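A.B. asks: Handing you a structure now.
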Amino acid sequence: MHISIARYRRHALAQMNPKTRLTFGKAGEAVLSQWMADNAQVCWLKHHEPWTMESELISQLDLPLNLDQNRHNGFHPRLKELRAKARERARALPISR
């Protein structure tokens, strides 16, 4: 999701300092947050052992942007490749401040 939106909106993944994770910077993260507000859906329910549900839900639902436990999804290899290339490009650039 991040990678697709970054390409569409022209916001590049960047490393803000050596010890932080990669981000799209303030402007890019704002665009991503707005996209998620417009498009993402979230739901929840009470469950006595919620951690047991994740694998079952991922196996039953089409969640193309979730890589964890989702190798059966047809988009998994492509998304994994896109994310790896984006991380590699970001880490090769000078650290943004």
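Each chain in the structure tokens gets a letter, A, B and so on, in the order shown; residues start at 1 in every chain, and ligands are counted from 1 in the order they appear.
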Looking only at helix (DSSP H, G or I) from DSSP on the backbone, list the matching residues of chain A as number ranges by chain.

C.D. replies: A: 2-9, 25-39, 50-60, 76-92

A.B. asks: I want to know what sits within 12 Å of Lys85 in chain A, based on only C-alpha atoms, with residues of the same chain fewer than 6 positions away left out; could you give that as a ChimeraX atom specification?

C.D. replies: /A:3,12-13,78-79,91-92

A.B. asks: Just checking: using only C-alpha atoms, which residue out of A:Ala14, A:Trp44, A:Ala84, A:Asn70 ends up closest to Glu56 in chain A?

C.D. replies: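 Going through A:Ala14, A:Trp44, A:Ala84, A:Asn70 one by one, the smallest distance to Glu56 in chain A is for A:Asn70.
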
A.B. asks: Residues of chain A classed as strand (DSSP E or B) by DSSP on the backbone are to be reported as a list in words.

C.D. replies: Ala14, Gln15, Leu22 and Thr23 of chain A

A.B. asks: List the neighbours of range 21-27 of chain A out to 8 Å using only C-alpha atoms; skip same-chain residues closer than 2 positions along the sequence, and give me the result as an mmCIF file with N, CA, C and O atoms, in the first residue's frame.

C.D. replies:
data_model
loop_
_atom_site.group_PDB
_atom_site.id
_atom_site.type_symbol
_atom_site.label_atom_id
_atom_site.label_comp_id
_atom_site.auth_asym_id
_atom_site.auth_seq_id
_atom_site.Cartn_x
_atom_site.Cartn_y
_atom_site.Cartn_z
ATOM 1 N N ALA A 6 2.971 5.856 -2.747
ATOM 2 C CA ALA A 6 4.139 6.713 -2.933
ATOM 3 C C ALA A 6 4.397 6.941 -4.419
ATOM 4 O O ALA A 6 4.681 8.056 -4.843
ATOM 5 N N HIS A 11 5.769 10.573 -3.564
ATOM 6 C CA HIS A 11 6.461 10.719 -2.281
ATOM 7 C C HIS A 11 7.383 9.523 -2.119
ATOM 8 O O HIS A 11 6.937 8.388 -2.156
ATOM 9 N N ALA A 12 8.648 9.796 -1.943
ATOM 10 C CA ALA A 12 9.629 8.718 -1.842
ATOM 11 C C ALA A 12 9.832 8.309 -0.390
ATOM 12 O O ALA A 12 9.798 9.136 0.517
ATOM 13 N N LEU A 13 10.065 7.041 -0.197
ATOM 14 C CA LEU A 13 10.404 6.518 1.112
ATOM 15 C C LEU A 13 11.772 7.068 1.495
ATOM 16 O O LEU A 13 12.669 7.163 0.662
ATOM 17 N N ALA A 14 11.949 7.470 2.743
ATOM 18 C CA ALA A 14 13.208 8.073 3.183
ATOM 19 C C ALA A 14 13.548 7.626 4.597
ATOM 20 O O ALA A 14 12.678 7.246 5.371
ATOM 21 N N GLN A 15 14.818 7.690 4.904
ATOM 22 C CA GLN A 15 15.304 7.386 6.245
ATOM 23 C C GLN A 15 15.608 8.713 6.926
ATOM 24 O O GLN A 15 16.419 9.493 6.451
ATOM 25 N N MET A 16 14.929 8.976 8.038
ATOM 26 C CA MET A 16 15.063 10.263 8.700
ATOM 27 C C MET A 16 16.314 10.338 9.584
ATOM 28 O O MET A 16 16.879 11.394 9.766
ATOM 29 N N LYS A 19 18.649 5.486 13.143
ATOM 30 C CA LYS A 19 18.020 4.579 14.097
ATOM 31 C C LYS A 19 16.499 4.488 13.954
ATOM 32 O O LYS A 19 15.860 3.772 14.702
ATOM 33 N N GLU A 29 3.432 11.095 4.633
ATOM 34 C CA GLU A 29 2.642 10.398 5.657
ATOM 35 C C GLU A 29 1.241 10.997 5.761
ATOM 36 O O GLU A 29 0.268 10.289 5.998
ATOM 37 N N ALA A 30 1.118 12.304 5.552
ATOM 38 C CA ALA A 30 -0.203 12.944 5.568
ATOM 39 C C ALA A 30 -1.052 12.440 4.399
ATOM 40 O O ALA A 30 -2.247 12.162 4.555
ATOM 41 N N VAL A 31 -0.433 12.295 3.228
ATOM 42 C CA VAL A 31 -1.147 11.765 2.063
ATOM 43 C C VAL A 31 -1.595 10.329 2.341
ATOM 44 O O VAL A 31 -2.736 9.950 2.060
ATOM 45 N N ARG A 87 12.846 -0.009 0.168
ATOM 46 C CA ARG A 87 13.743 0.089 1.332
ATOM 47 C C ARG A 87 15.186 0.259 0.881
ATOM 48 O O ARG A 87 15.939 1.067 1.434
ATOM 49 N N ALA A 90 15.736 3.806 -0.384
ATOM 50 C CA ALA A 90 15.718 4.771 0.730
ATOM 51 C C ALA A 90 16.998 4.714 1.534
ATOM 52 O O ALA A 90 17.545 5.739 1.927
#

A.B. asks: Find the residues around range 39-43 of chain A up to 12 Å (only C-alpha atoms counted), leave out those fewer than 3 positions away in its own chain, and share them as a PyMOL selection string.

C.D. replies: chain A and resi 1+5+32-36+46+63+65

A.B. asks: Separation of CA of Asn66 in chain A and CA of Leu45 in chain A, in Å?

C.D. replies: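 Between these atoms lies a distance of 19.7 Å.
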
A.B. asks: Find the residues near Gln60 in chain A: any atom within 12 Å, counting only C-alpha atoms, skip ones fewer than 5 places away on the same chain, and give them as a ChimeraX atom specification.

C.D. replies: /A:53-55,69-70,72-73
